[in-house]
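One file, work.csv, carrying CSV, C-alpha atoms:
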```
chain,number,residue,atom,x,y,z
A,1,MET,CA,0.0,0.0,0.0
A,2,ALA,CA,1.1,3.5,-0.7
A,3,GLY,CA,2.4,5.4,2.3
A,4,ILE,CA,1.8,8.9,3.6
A,5,ALA,CA,4.4,11.5,2.9
A,6,SER,CA,4.8,15.2,3.2
A,7,HIS,CA,6.8,17.8,1.3
A,8,PRO,CA,8.9,19.7,3.7
A,9,GLU,CA,11.0,22.6,2.6
A,10,GLY,CA,14.3,21.3,1.5
A,11,SER,CA,17.6,22.0,-0.1
A,12,ALA,CA,18.3,22.2,-3.8
A,13,SER,CA,19.7,18.7,-3.7
A,14,ARG,CA,16.4,17.4,-2.3
A,15,ARG,CA,14.5,19.1,-5.1
A,16,THR,CA,16.9,17.6,-7.6
A,17,ARG,CA,16.4,14.1,-6.2
A,18,SER,CA,12.6,14.6,-6.4
A,19,ALA,CA,12.9,15.7,-10.0
A,20,ILE,CA,15.0,12.7,-10.9
A,21,ALA,CA,12.5,10.4,-9.1
A,22,LEU,CA,9.6,12.0,-11.1
A,23,ILE,CA,11.4,11.5,-14.4
A,24,ALA,CA,12.2,7.9,-13.5
A,25,ALA,CA,8.6,7.3,-12.5
A,26,ILE,CA,7.4,8.6,-15.9
A,27,VAL,CA,9.9,6.5,-17.8
A,28,LEU,CA,8.8,3.5,-15.7
A,29,LEU,CA,5.2,4.1,-16.5
A,30,ALA,CA,6.0,4.3,-20.2
A,31,GLY,CA,7.6,0.8,-20.1
A,32,LEU,CA,4.6,-0.6,-18.2
A,33,LEU,CA,2.2,1.0,-20.7
A,34,ILE,CA,4.0,-0.5,-23.6
A,35,ALA,CA,4.7,-4.0,-22.3
A,36,GLY,CA,2.4,-6.7,-21.2
A,37,ARG,CA,-0.9,-4.9,-21.6
A,38,SER,CA,-2.8,-8.1,-22.2
A,39,ALA,CA,-1.1,-10.0,-19.4
A,40,ALA,CA,-2.7,-10.6,-16.0
A,41,PRO,CA,-1.6,-8.1,-13.3
A,42,ASP,CA,1.6,-9.0,-11.5
A,43,PRO,CA,1.3,-7.7,-7.9
A,44,ALA,CA,5.0,-8.3,-7.2
A,45,ALA,CA,6.1,-6.4,-10.3
A,46,ALA,CA,3.8,-3.5,-9.4
A,47,ALA,CA,5.1,-3.4,-5.9
A,48,LYS,CA,8.7,-3.3,-7.1
A,49,ALA,CA,7.9,-0.6,-9.7
A,50,SER,CA,6.4,1.6,-7.0
A,51,ASP,CA,9.8,1.8,-5.3
A,52,ALA,CA,10.9,4.2,-8.0
A,53,CYS,CA,7.9,6.5,-7.5
A,54,PRO,CA,8.2,10.1,-6.3
A,55,ALA,CA,6.9,10.9,-2.7
A,56,LEU,CA,3.2,11.2,-2.4
A,57,PRO,CA,1.6,14.5,-1.8
A,58,PHE,CA,0.6,15.2,1.8
A,59,GLY,CA,-3.0,15.7,0.8
A,60,LEU,CA,-5.1,14.9,-2.3
A,61,ALA,CA,-3.1,17.5,-4.1
A,62,PRO,CA,0.4,18.8,-3.7
A,63,SER,CA,1.3,22.3,-2.6
A,64,GLY,CA,2.6,25.0,-4.9
A,65,SER,CA,1.2,27.1,-7.7
A,66,GLY,CA,-2.2,26.4,-9.3
A,67,PRO,CA,-0.8,24.3,-12.2
A,68,THR,CA,1.4,22.4,-9.8
A,69,ARG,CA,-1.5,21.7,-7.4
A,70,PHE,CA,-3.9,20.6,-10.2
A,71,THR,CA,-4.8,17.0,-9.5
A,72,MET,CA,-7.3,14.9,-11.4
A,73,MET,CA,-9.5,12.5,-9.5
A,74,ILE,CA,-10.9,10.2,-12.3
A,75,ARG,CA,-14.1,8.2,-11.9
A,76,ILE,CA,-13.8,4.5,-12.7
A,77,ASN,CA,-17.0,2.5,-13.0
A,78,THR,CA,-15.9,-0.4,-15.2
A,79,GLN,CA,-13.1,-2.4,-16.8
A,80,GLY,CA,-13.8,-0.4,-19.9
A,81,ASN,CA,-12.9,2.8,-18.0
A,82,VAL,CA,-9.7,1.1,-16.8
A,83,ASP,CA,-8.8,0.1,-20.4
A,84,THR,CA,-9.2,3.7,-21.5
A,85,TYR,CA,-6.2,4.6,-19.4
A,86,THR,CA,-4.2,1.4,-19.4
A,87,LYS,CA,-4.4,0.1,-23.0
A,88,PRO,CA,-2.9,1.7,-26.2
A,89,ASP,CA,-6.2,1.9,-28.0
A,90,GLY,CA,-7.7,3.8,-25.0
A,91,GLY,CA,-5.6,6.7,-25.8
A,92,MET,CA,-5.7,8.7,-22.5
A,93,GLY,CA,-3.0,7.1,-20.4
A,94,ASN,CA,-0.5,9.7,-21.6
A,95,ARG,CA,-2.5,12.4,-19.8
A,96,ILE,CA,-2.0,10.9,-16.4
A,97,ARG,CA,0.7,12.3,-14.0
A,98,PRO,CA,1.9,10.5,-10.8
A,99,GLN,CA,-0.1,12.8,-8.5
A,100,ASP,CA,-3.5,12.0,-10.2
A,101,ILE,CA,-5.9,9.7,-8.5
A,102,PHE,CA,-8.2,6.9,-9.8
A,103,VAL,CA,-11.5,6.8,-7.9
A,104,LEU,CA,-13.4,3.4,-8.0
A,105,ASN,CA,-17.1,4.3,-7.8
A,106,THR,CA,-18.1,1.1,-6.0
A,107,ARG,CA,-21.7,2.3,-6.0
A,108,PHE,CA,-21.9,1.4,-9.7
A,109,GLY,CA,-24.7,-1.1,-10.0
A,110,GLY,CA,-23.7,-2.6,-13.3
A,111,SER,CA,-24.6,-2.0,-17.0
A,112,GLY,CA,-24.6,-4.2,-20.0
A,113,ALA,CA,-21.5,-6.4,-20.0
A,114,PHE,CA,-20.0,-4.6,-17.0
A,115,PRO,CA,-20.9,-6.1,-13.6
A,116,ALA,CA,-21.9,-4.2,-10.4
A,117,MET,CA,-18.8,-3.2,-8.4
A,118,THR,CA,-18.8,-5.6,-5.6
A,119,PRO,CA,-15.6,-5.9,-3.5
A,120,SER,CA,-14.2,-8.6,-5.8
A,121,VAL,CA,-14.8,-6.6,-8.9
A,122,ALA,CA,-13.3,-3.5,-7.3
A,123,ALA,CA,-10.2,-5.6,-6.4
A,124,ALA,CA,-9.7,-6.7,-10.0
A,125,LEU,CA,-10.0,-3.2,-11.3
A,126,SER,CA,-7.6,-1.8,-8.7
A,127,ALA,CA,-5.0,-4.5,-9.6
A,128,ASN,CA,-5.3,-3.7,-13.3
A,129,LEU,CA,-4.8,0.0,-12.6
A,130,ARG,CA,-1.9,-0.7,-10.2
A,131,ALA,CA,-0.1,-2.9,-12.8
A,132,VAL,CA,0.2,0.0,-15.2
A,133,PHE,CA,0.2,3.0,-12.8
A,134,PRO,CA,2.3,1.9,-9.8
A,135,CYS,CA,2.8,5.6,-8.7
A,136,ASN,CA,-0.9,6.7,-8.7
A,137,ARG,CA,-3.2,6.5,-5.8
A,138,ILE,CA,-6.5,4.6,-6.0
A,139,ILE,CA,-9.5,5.6,-3.8
A,140,ALA,CA,-12.6,3.5,-3.2
A,141,LEU,CA,-15.7,5.7,-3.2
A,142,ASN,CA,-18.2,3.6,-1.3
A,143,GLY,CA,-21.8,3.8,-0.3
A,144,LEU,CA,-23.3,3.4,3.2
A,145,SER,CA,-24.6,-0.1,2.9
A,146,LEU,CA,-23.4,-2.8,5.3
A,147,ASP,CA,-24.2,-5.7,2.8
A,148,PRO,CA,-20.8,-6.9,1.4
A,149,THR,CA,-22.6,-8.7,-1.5
A,150,LEU,CA,-23.9,-5.5,-3.1
A,151,ALA,CA,-22.4,-2.6,-4.9
A,152,GLY,CA,-21.9,0.4,-2.6
A,153,TYR,CA,-20.7,-1.7,0.4
A,154,ALA,CA,-19.2,0.8,2.8
A,155,PHE,CA,-16.0,-1.1,3.4
A,156,THR,CA,-15.1,-2.1,-0.2
A,157,GLY,CA,-11.3,-2.0,-0.5
A,158,ILE,CA,-10.6,-2.2,3.3
A,159,ASP,CA,-8.3,-5.3,2.7
A,160,ASP,CA,-7.1,-4.4,-0.7
A,161,PRO,CA,-3.4,-3.4,-0.6
A,162,ASN,CA,-3.8,-1.4,-3.8
A,163,ILE,CA,-6.3,1.0,-2.2
A,164,TYR,CA,-4.9,4.2,-0.7
A,165,ALA,CA,-8.0,5.6,1.0
A,166,LEU,CA,-11.7,4.8,1.5
A,167,LEU,CA,-14.3,7.6,1.1
A,168,THR,CA,-18.0,7.4,1.9
A,169,ASP,CA,-20.4,8.9,-0.6
A,170,TYR,CA,-22.4,10.7,2.1
A,171,GLU,CA,-25.6,11.8,0.5
A,172,GLN,CA,-29.3,11.4,0.9
A,173,ALA,CA,-29.9,8.7,-1.7
A,174,ASP,CA,-27.2,6.5,-0.3
A,175,TRP,CA,-28.2,7.1,3.3
A,176,ASN,CA,-31.8,6.3,2.8
A,177,ALA,CA,-31.1,3.3,0.5
A,178,SER,CA,-28.8,1.8,3.2
A,179,ARG,CA,-31.3,1.9,6.0
A,180,SER,CA,-32.5,-1.6,5.1
A,181,THR,CA,-29.0,-2.9,5.9
A,182,VAL,CA,-28.5,-0.8,9.0
A,183,PRO,CA,-31.2,-1.3,11.7
A,184,GLY,CA,-32.0,1.9,13.6
A,185,ARG,CA,-30.5,4.3,11.1
A,186,PRO,CA,-32.9,7.3,11.1
A,187,PRO,CA,-34.1,9.1,7.9
A,188,TRP,CA,-31.8,11.7,6.3
A,189,VAL,CA,-31.9,15.2,7.6
A,190,GLU,CA,-30.4,18.4,6.1
A,191,ASN,CA,-30.5,20.7,9.1
A,192,PHE,CA,-26.8,20.9,9.9
A,193,ALA,CA,-27.3,21.0,13.7
A,194,LYS,CA,-29.1,17.7,13.5
A,195,ALA,CA,-27.2,16.2,10.6
A,196,PHE,CA,-23.7,16.8,12.0
A,197,PRO,CA,-24.0,14.5,15.0
A,198,LEU,CA,-25.1,11.7,12.6
A,199,LEU,CA,-22.2,12.4,10.3
A,200,ARG,CA,-19.7,12.3,13.2
A,201,GLY,CA,-21.2,9.0,14.4
A,202,TRP,CA,-20.8,7.5,11.0
A,203,ASN,CA,-17.2,8.9,10.7
A,204,SER,CA,-16.3,7.3,14.0
A,205,THR,CA,-17.7,3.9,13.1
A,206,PHE,CA,-16.2,4.1,9.6
A,207,ALA,CA,-12.7,5.0,10.7
A,208,SER,CA,-12.5,2.6,13.7
A,209,THR,CA,-13.6,-0.3,11.5
A,210,VAL,CA,-11.0,0.5,8.9
A,211,ALA,CA,-8.3,1.0,11.6
A,212,ALA,CA,-9.1,-2.4,13.1
A,213,ASN,CA,-8.4,-4.2,9.9
A,214,PRO,CA,-4.8,-5.5,9.5
A,215,VAL,CA,-4.6,-4.2,5.9
A,216,GLY,CA,-6.9,-1.2,6.3
A,217,ALA,CA,-5.1,0.2,9.4
A,218,GLY,CA,-2.8,2.3,7.2
A,219,LYS,CA,-5.5,3.7,4.9
A,220,LYS,CA,-7.0,7.2,5.1
A,221,THR,CA,-10.8,7.5,5.5
A,222,GLY,CA,-12.9,10.4,4.4
A,223,LEU,CA,-16.1,11.6,2.9
A,224,ALA,CA,-17.6,12.8,-0.3
A,225,PRO,CA,-20.5,14.7,1.2
A,226,GLN,CA,-23.6,16.0,-0.5
A,227,GLU,CA,-23.7,19.8,-1.2
A,228,VAL,CA,-26.0,21.5,1.2
A,229,SER,CA,-25.9,25.3,1.4
A,230,SER,CA,-26.2,25.4,5.2
A,231,TRP,CA,-23.5,22.9,5.9
A,232,ASN,CA,-20.1,23.8,7.2
A,233,TYR,CA,-17.6,21.7,5.3
A,234,GLY,CA,-14.6,23.1,7.2
A,235,GLN,CA,-16.2,21.7,10.4
A,236,ILE,CA,-16.7,18.4,8.7
A,237,ALA,CA,-13.1,18.4,7.5
A,238,GLN,CA,-12.0,18.9,11.2
A,239,ASN,CA,-13.9,15.8,12.2
A,240,ILE,CA,-12.4,13.8,9.3
A,241,ASP,CA,-8.9,15.0,10.4
A,242,LYS,CA,-9.7,13.8,13.9
A,243,GLN,CA,-10.5,10.3,12.6
A,244,ASN,CA,-7.2,10.2,10.6
A,245,ALA,CA,-4.9,11.4,13.4
A,246,ARG,CA,-4.1,7.7,14.1
A,247,LEU,CA,-1.9,7.8,11.0
A,248,GLY,CA,0.5,10.2,12.7
A,249,ALA,CA,-0.3,13.8,11.6
A,250,ARG,CA,-3.0,16.4,12.3
A,251,HIS,CA,-4.5,17.1,8.9
A,252,LEU,CA,-4.7,14.0,6.8
A,253,GLY,CA,-8.4,13.7,6.2
A,254,PRO,CA,-9.6,13.8,2.6
A,255,GLN,CA,-12.9,15.3,1.6
A,256,SER,CA,-14.4,15.7,-1.8
A,257,VAL,CA,-17.5,17.9,-1.7
A,258,GLN,CA,-20.2,17.3,-4.3
A,259,THR,CA,-20.0,20.8,-5.9
A,260,GLN,CA,-21.1,19.8,-9.4
A,261,ASP,CA,-24.2,22.0,-9.3
A,262,ALA,CA,-22.1,25.1,-8.6
A,263,CYS,CA,-20.3,24.5,-12.0
A,264,ALA,CA,-23.5,23.6,-13.8
A,265,ASP,CA,-25.5,26.6,-12.6
A,266,GLY,CA,-22.8,29.3,-12.3
A,267,ALA,CA,-20.1,28.2,-14.7
A,268,GLY,CA,-16.6,29.5,-13.9
A,269,PRO,CA,-17.6,32.5,-11.8
A,270,GLY,CA,-20.1,30.5,-9.8
A,271,PHE,CA,-17.7,27.7,-9.2
A,272,GLY,CA,-15.0,30.1,-8.1
A,273,THR,CA,-17.4,31.6,-5.6
A,274,ARG,CA,-18.2,28.2,-4.2
A,275,ALA,CA,-14.4,27.5,-3.9
A,276,LYS,CA,-14.0,30.8,-2.0
A,277,ASN,CA,-16.8,29.8,0.4
A,278,LEU,CA,-15.1,26.5,1.0
A,279,ARG,CA,-11.8,28.2,1.6
A,280,LEU,CA,-13.3,30.5,4.2
A,281,GLN,CA,-14.9,27.5,6.0
A,282,TYR,CA,-11.5,25.7,6.0
A,283,ASN,CA,-9.8,28.8,7.6
A,284,PHE,CA,-12.4,30.5,9.8
A,285,LYS,CA,-14.9,29.8,12.6
A,286,PHE,CA,-18.2,31.4,12.0
A,287,ILE,CA,-20.1,32.7,15.1
A,288,THR,CA,-23.6,34.2,15.0
A,289,LYS,CA,-24.6,36.4,18.0
A,290,LYS,CA,-26.8,39.3,18.9
A,291,VAL,CA,-25.0,42.7,19.0
A,292,GLY,CA,-26.2,46.1,20.0
A,293,VAL,CA,-26.9,48.8,17.4
A,294,LYS,CA,-25.1,52.0,18.2
A,295,GLY,CA,-27.5,54.7,19.3
A,296,LYS,CA,-30.5,52.4,19.4
A,297,ASN,CA,-32.0,50.3,22.1
A,298,LYS,CA,-32.1,47.1,20.2
A,299,LYS,CA,-29.9,44.2,19.1
A,300,VAL,CA,-29.5,42.4,15.8
A,301,ARG,CA,-28.0,39.0,14.8
A,302,LYS,CA,-24.6,39.3,13.2
A,303,THR,CA,-22.2,36.6,12.0
A,304,ILE,CA,-18.5,37.2,12.5
A,305,ARG,CA,-15.6,35.0,11.6
A,306,LEU,CA,-12.6,34.2,13.6
A,307,PRO,CA,-9.4,32.6,12.3
A,308,LEU,CA,-9.1,28.9,13.2
A,309,HIS,CA,-6.2,27.9,15.3
A,310,LYS,CA,-3.4,26.3,13.4
A,311,LYS,CA,-4.0,22.9,15.1
A,312,ALA,CA,-7.7,23.0,14.1
A,313,LYS,CA,-7.4,24.3,10.6
A,314,PRO,CA,-7.9,21.7,7.9
A,315,ASN,CA,-5.5,21.5,5.0
A,316,MET,CA,-6.9,22.8,1.7
A,317,SER,CA,-4.7,20.3,-0.1
A,318,ASN,CA,-7.1,17.6,1.2
A,319,LEU,CA,-10.2,19.2,-0.3
A,320,GLY,CA,-11.6,17.9,-3.6
A,321,MET,CA,-14.3,19.6,-5.6
A,322,GLU,CA,-16.6,17.5,-7.9
A,323,ILE,CA,-17.3,18.5,-11.5
A,324,SER,CA,-19.8,16.3,-13.4
A,325,PHE,CA,-20.3,16.8,-17.1
A,326,THR,CA,-21.1,15.1,-20.4
A,327,ASP,CA,-20.1,15.0,-24.0
A,328,SER,CA,-23.7,15.6,-25.1
A,329,PRO,CA,-25.2,18.2,-22.7
A,330,GLU,CA,-29.0,18.8,-22.4
A,331,ALA,CA,-29.6,22.3,-21.2
A,332,SER,CA,-33.1,21.4,-19.9
A,333,SER,CA,-31.8,18.7,-17.6
A,334,SER,CA,-31.6,19.5,-13.8
A,335,ALA,CA,-28.7,17.0,-13.3
A,336,ALA,CA,-25.2,18.5,-13.6
A,337,ILE,CA,-23.9,15.3,-15.2
A,338,LEU,CA,-26.4,15.7,-18.1
A,339,SER,CA,-26.4,19.5,-18.5
A,340,THR,CA,-22.8,20.5,-18.1
A,341,SER,CA,-20.6,20.5,-21.2
A,342,ALA,CA,-16.9,19.6,-21.2
A,343,ALA,CA,-16.1,23.2,-22.1
A,344,GLN,CA,-18.0,24.5,-19.1
A,345,ALA,CA,-16.3,21.9,-16.9
A,346,ALA,CA,-12.9,23.1,-18.0
A,347,ALA,CA,-13.9,26.7,-17.4
A,348,CYS,CA,-14.7,25.9,-13.8
A,349,VAL,CA,-11.2,24.7,-12.9
A,350,GLY,CA,-9.2,28.0,-13.2
A,351,PRO,CA,-11.4,30.0,-10.8
A,352,ALA,CA,-11.2,27.3,-8.2
A,353,LEU,CA,-7.4,27.0,-8.5
A,354,LYS,CA,-7.2,30.8,-7.8
A,355,GLN,CA,-9.0,30.1,-4.5
A,356,GLY,CA,-6.4,27.6,-3.4
A,357,GLY,CA,-8.1,24.4,-4.7
A,358,GLY,CA,-6.1,21.7,-6.2
A,359,ALA,CA,-8.0,18.4,-6.5
A,360,PHE,CA,-10.9,18.0,-8.9
A,361,PHE,CA,-13.1,14.9,-9.0
A,362,PHE,CA,-14.1,14.6,-12.6
A,363,PHE,CA,-17.3,12.5,-12.6
A,364,ALA,CA,-17.8,11.7,-16.3
A,365,SER,CA,-17.7,9.1,-19.1
A,366,ASP,CA,-14.6,8.3,-21.1
A,367,ASP,CA,-15.9,10.2,-24.2
A,368,SER,CA,-16.6,13.2,-21.9
A,369,MET,CA,-13.1,13.0,-20.5
A,370,ARG,CA,-11.7,12.9,-24.1
A,371,LEU,CA,-13.5,16.2,-24.8
A,372,LEU,CA,-12.3,17.7,-21.5
A,373,PHE,CA,-8.6,17.0,-22.4
A,374,GLN,CA,-9.2,18.8,-25.7
A,375,GLN,CA,-10.3,22.0,-23.9
A,376,PRO,CA,-7.4,24.6,-23.9
A,377,GLN,CA,-7.5,25.1,-20.1
A,378,ILE,CA,-7.1,21.4,-19.4
A,379,ASN,CA,-4.8,20.6,-22.3
A,380,ALA,CA,-2.4,23.2,-20.8
A,381,LEU,CA,-2.6,21.5,-17.4
A,382,ARG,CA,-2.4,18.0,-18.7
A,383,PRO,CA,-0.8,18.0,-22.2
A,384,ALA,CA,-0.4,14.6,-23.9
A,385,GLN,CA,3.1,13.4,-23.1
A,386,ALA,CA,5.5,12.2,-25.7
A,387,VAL,CA,4.6,8.6,-26.8
A,388,ILE,CA,7.2,5.9,-27.1
A,389,SER,CA,7.5,3.4,-30.0
A,390,GLY,CA,4.3,4.8,-31.5
A,391,ASN,CA,2.2,3.7,-28.5
A,392,THR,CA,-0.7,6.1,-28.2
A,393,GLY,CA,-1.4,5.1,-24.6
A,394,GLY,CA,2.2,5.4,-23.3
A,395,VAL,CA,3.8,7.9,-21.0
A,396,GLY,CA,7.1,9.2,-22.2
A,397,SER,CA,9.3,12.2,-21.5
A,398,PRO,CA,7.9,14.7,-19.0
A,399,HIS,CA,8.9,17.6,-21.4
```
Mind converting the file's structure to structure tokens?
Amino acid sequence: MAGIASHPEGSASRRTRSAIALIAAIVLLAGLLIAGRSAAPDPAAAAKASDACPALPFGLAPSGSGPTRFTMMIRINTQGNVDTYTKPDGGMGNRIRPQDIFVLNTRFGGSGAFPAMTPSVAAALSANLRAVFPCNRIIALNGLSLDPTLAGYAFTGIDDPNIYALLTDYEQADWNASRSTVPGRPPWVENFAKAFPLLRGWNSTFASTVAANPVGAGKKTGLAPQEVSSWNYGQIAQNIDKQNARLGARHLGPQSVQTQDACADGAGPGFGTRAKNLRLQYNFKFITKKVGVKGKNKKVRKTIRLPLHKKAKPNMSNLGMEISFTDSPEASSSAAILSTSAAQAAACVGPALKQGGGAFFFFASDDSMRLLFQQPQINALRPAQAVISGNTGGVGSPH
């Protein structure tokens, strides 16, 4: 399993070693993409290959400038999605960089020739990804069900050495659907004062179960919570950090907020505003109280913000923002994944980077991702790397 590493300020020699490691990792990926594509995954070879990988970012995204922070979290539903990045005819493997993350959407219920993503199916997909991308992290995005025979099982990937972290898709549909497998679970509520204790309770159960597993003990746990305007995601991030403190640092908890509607409804400016609001929640405590009005015998309610203490402040590098889109948008649809074009999705990235964001969960089909890579903003951030031996799926020189 991939470890947890930070990026302390270092000397020029350390930076040189990191650059050499990065180049070595990319050359290594090129070889893996070219050779043995049709062979079964070799766990030993993948583990050995990972020894040459650069250090992992401390959070979901590394620190640095916007382009340096930019990290793709790529949705994987099926073996077909895996093939798009691992096989030459898929044609998108040369867009991947070592910091990018594959997200297994284990809530996928199956379609056509592709089965539902039960734990065994997820394990096969993660092994296939690891064989070609030994440096990239793989996250299991799970539901809230406690039935291990179904897609969306809450602990899918807990004993899979290829999985870096487990995230719960914490939303109304999953919560209510899971109630049949969790006796006593109450209906979903959106009022934050009532919802937050339920969220904390799940987080505690989730993290303690993962920590008790011999393989899962070293994995991060986190949430992909539903977007609710009245929720404080900085407060949620603090709780996620608390549950990950067992791994040896204060601010390790990953959170990917379901912000897709902000991009769909407000395009780049709206998404930038949402990113700003999240940044403020990650850095300030908001207090509403009654204050006197000067010269008048009355009080009004006023919300003030106070900087969070360094020990309490979540790390923005562990914040992901979801962007859902399609290659054939329908303007009349109320669902972001059906109404947002690839061009609009690309336009949402820059404003969020300016607010300190770095990780973006692109929830889209393979054809939609192809269109995304063609957009000038994304092509500049993830240009196709030089191919080797004419292999269109390979990863070559970093230049």
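Of the residues under consideration (A:Thr168, A:Asn232, A:Thr118, A:Thr340), A:Thr340 shows the shortest atom-to-atom contact distance to Gln260 (chain A) when counting all atoms listed in the file.
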Separation of CA of Gly93 (chain A) from CA of Gln374 (chain A), in Å and rounded to one decimal: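 For CA of Gly93 (chain A) relative to CA of Gln374 (chain A), the distance reads 14.3 Å.
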Interatomic distance between CA of Leu338 (chain A) and CA of Asn128 (chain A)?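 Taking CA of Leu338 (chain A) and CA of Asn128 (chain A), their separation equals 29.1 Å.
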Within 7 Å of (-17.4, 11.7, -20.0), in the coordinates the file gives, what residues turn up when you count all atoms listed in the file, written out as an MDAnalysis selection string? chainID A and resid 325:327 364:369
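Using only C-alpha atoms, the nearest neighbour of Gln258 (chain A) within the list A:Asn315, A:Ala336, A:Gly201, A:Lys285 is A:Ala336.
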